[in-house]
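Novice: Structure incoming, see below.
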Amino acid sequence: MPIYHRLGQLPPKRHTIFEKPGGGLYYEQLFGTIGFDGMSSLLYHHHRPTMVESVGESVDVSPKLALAKNMKSRKLIGFDVPPQDDFLDSRVTLLLNSDIHIGLAAPRKSMTDYFYKNADADEMLFIHQGTGTLRTLMGNIRFEYGDYLIIPRGMIYQIEFDTEENRILYAESFDPIYTPKRYRNWFGQLLEHSPYCERDYKLPQDLETHTEMGQFLIKIKKQQTLTDYVYQAHPFDVVGWDGYNFPYGFSIHNFEPITGRVHQPPPVHQTFEAKSYVICSFCPRLYDYHPKAIPAPYNHSNIDSDEVLYYVDGDFMSRNDIGPGYITLHPGGIPHGPHPGAYERSIGKTKTEELAVMIDTFKPLQLTEAAMKLDDGKYFRSWLEH
């Protein structure tokens, strides 16, 4: 997250005495990644952030794999994932490799009885339905339909929903999630040709500082196990922090599409990147304006990547029989393109109202048992001419 942010009270110099008004010291914590080489922030706690009272048993939460080697294009009916009350229970991993886990969630209830920390992965939550507040030890972020929430690994958080109607696309990333390198200058600032800028970010606000002592449950995910940790101090006891490593939001509606005279390739839709995959946003936009342009994408082969498309809203111009919440998977090595009629149908059209999220991975994706239950079983035949 190449932008500096600060909230709350800070001493004038890092790694120095920071006294409480009534006596005693605040406790400094470096919150960073990739050793001491990645993004980091300095947090100042009212209590030591290390006061563990008890550690419970670890529960294996590994996704149940059904198909390790997939060579078939698939369509998953995402809204068939049933709602569940608990936020963590509602998360259903569908596609995975060693770099990323992709899934859907339909939580009904807010997380209030415990806190959560993913110690393995950065998380991307895309809000398809629902509104609420992401509450973290570094401040709160209001979210709504169309928001990406980027949560760094190790972040302690709760999530509150305003209603029970919530749908989320999520990704757990075992590499840090960054803004695309080609959008940034060598200082880290987003460039003029970037489809969004720092002004579009939803930064943490309303820092909560809880000083109470007691028993506070944090569920920590590490190596595909979930372990109950009970801490003596409230985890949201930070009085101030500054740095570059923190959660933030970005609305897909603030992504400004890059267009041209002829069809532009998928990289123009790129929104985030990691070492091993990219996340792209397909947004309402004007079509290509060459007099003989074909707005629909040309057939293309994903030789080196698997393509996942999550359909959010609108009429996706290159697909037939697609609805909100559907996921299509186009595996590497097999060409794909517009459905029959879509290529011709697009000619002469001036704009599209489609809204979708794409994740392209450089390693093949495996399918879980949950994914196979959502598969329509016939999508791979949908390019046949009848």
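Ligands are numbered from 1 in the order shown, residues from 1 within each chain, and chains are lettered A, B, ... in the order they appear in the structure tokens.
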Quick one: residues within 10 Å of Pro266 (chain A), only C-alpha atoms, excluding same-chain residues fewer than 4 positions away - as a list of chain:residue names?
Specialist: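 Those residues are A:Gln270, A:Cys280, A:Ser281, A:Phe282, A:Pro297, A:Met358, A:Asp360.
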Novice: Would you output that residue set with all heavy atoms, as a short mmCIF file (atom, residue, chain, number, x, y, z; two decimals), in the first residue's frame?
Specialist:
```cif
data_model
loop_
_atom_site.label_atom_id
_atom_site.label_comp_id
_atom_site.auth_asym_id
_atom_site.auth_seq_id
_atom_site.Cartn_x
_atom_site.Cartn_y
_atom_site.Cartn_z
N GLN A 270 -6.66 -4.01 -15.15
CA GLN A 270 -5.99 -4.46 -13.94
C GLN A 270 -6.16 -3.45 -12.81
O GLN A 270 -6.02 -2.25 -12.98
CB GLN A 270 -4.50 -4.69 -14.20
CG GLN A 270 -3.77 -5.33 -13.03
CD GLN A 270 -2.31 -5.60 -13.33
OE1 GLN A 270 -1.88 -5.54 -14.47
NE2 GLN A 270 -1.55 -5.90 -12.29
N CYS A 280 -8.61 -7.82 -11.86
CA CYS A 280 -9.05 -6.81 -12.82
C CYS A 280 -10.51 -6.46 -12.57
O CYS A 280 -11.28 -7.28 -12.04
CB CYS A 280 -8.88 -7.31 -14.25
SG CYS A 280 -7.18 -7.72 -14.72
N SER A 281 -10.89 -5.25 -12.99
CA SER A 281 -12.27 -4.76 -12.85
C SER A 281 -12.83 -4.44 -14.23
O SER A 281 -12.27 -3.58 -14.93
CB SER A 281 -12.30 -3.51 -11.98
OG SER A 281 -11.78 -3.76 -10.69
N PHE A 282 -13.90 -5.11 -14.62
CA PHE A 282 -14.61 -4.78 -15.85
C PHE A 282 -15.79 -3.88 -15.49
O PHE A 282 -16.70 -4.31 -14.78
CB PHE A 282 -15.09 -6.05 -16.55
CG PHE A 282 -13.98 -6.84 -17.17
CD1 PHE A 282 -13.27 -7.77 -16.44
CD2 PHE A 282 -13.64 -6.65 -18.49
CE1 PHE A 282 -12.24 -8.50 -17.00
CE2 PHE A 282 -12.61 -7.37 -19.09
CZ PHE A 282 -11.90 -8.30 -18.33
N PRO A 297 -14.40 -9.19 -27.27
CA PRO A 297 -13.00 -9.63 -27.28
C PRO A 297 -12.77 -10.71 -28.32
O PRO A 297 -13.67 -11.50 -28.63
CB PRO A 297 -12.79 -10.17 -25.86
CG PRO A 297 -14.15 -10.53 -25.39
CD PRO A 297 -15.08 -9.54 -26.02
N MET A 358 -12.26 -9.98 -12.36
CA MET A 358 -11.50 -11.08 -12.94
C MET A 358 -10.23 -11.32 -12.13
O MET A 358 -9.57 -10.38 -11.70
CB MET A 358 -11.12 -10.77 -14.39
CG MET A 358 -10.41 -11.93 -15.10
SD MET A 358 -10.14 -11.65 -16.87
CE MET A 358 -8.72 -10.55 -16.81
N ASP A 360 -6.80 -13.57 -12.68
CA ASP A 360 -5.98 -14.43 -13.54
C ASP A 360 -4.79 -14.94 -12.73
O ASP A 360 -4.01 -14.14 -12.19
CB ASP A 360 -5.46 -13.65 -14.75
CG ASP A 360 -6.43 -13.67 -15.91
OD1 ASP A 360 -7.57 -14.11 -15.71
OD2 ASP A 360 -6.06 -13.24 -17.02
#
```
Novice: Pick out the residues sitting within 12 Å of Gly341 (chain A), and hand them over as a PyMOL selection string; count only C-alpha atoms, and ignore anything fewer than 2 positions along from it in its own chain.
Specialist: chain A and resi 296+317-320+337-339+343-347+382-386
Novice: Looking at only C-alpha atoms, which of A:Pro49, A:Gly8, A:Pro2, A:Pro331 is the one that sits closest to Phe216 (chain A)?
Specialist: A:Pro49
Novice: Please determine, counting only C-alpha atoms, which residue among A:Ser41, A:Ser58, A:Gln223, A:Ser90 has the shortest atom-to-atom distance to Met138 (chain A).
Specialist: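 Smallest separation from Met138 (chain A) among the options: A:Ser41.
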Novice: Between A:Leu30, A:Val92, A:Met124, A:Val308, which residue has the minimum interatomic distance to Arg153 (chain A), considering only C-alpha atoms?
Specialist: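 For Arg153 (chain A), the nearest of the given residues is A:Met124.
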Novice: Pick out the closest residue to Ile159 (chain A) from this set: A:Leu137, A:Leu190, A:Ala274, A:Met111. Count only C-alpha atoms.
Specialist: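 Result for the nearest residue to Ile159 (chain A): A:Met111.
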Novice: Show me, as CSV, the residues of region 189-210 of chain A having an atom within 10 Å of region 244-249 of chain A, each with the closest atom pair and its distance in Å, using only C-alpha atoms.
Specialist:
```
residue,atom,partner,partner_atom,distance
A:Asp200,CA,A:Gly249,CA,8.7
A:Tyr201,CA,A:Gly249,CA,5.7
A:Lys202,CA,A:Gly249,CA,4.5
A:Leu203,CA,A:Tyr248,CA,5.0
A:Pro204,CA,A:Tyr248,CA,6.4
A:Gln205,CA,A:Tyr248,CA,10.0
```
Novice: Measuring atom to atom with only C-alpha atoms, identify which of A:Ala342, A:Ile141, A:Val59, A:Leu134 is nearest to Glu160 (chain A).
Specialist: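 Looking at the shortest contact to Glu160 (chain A), the residue is A:Leu134.
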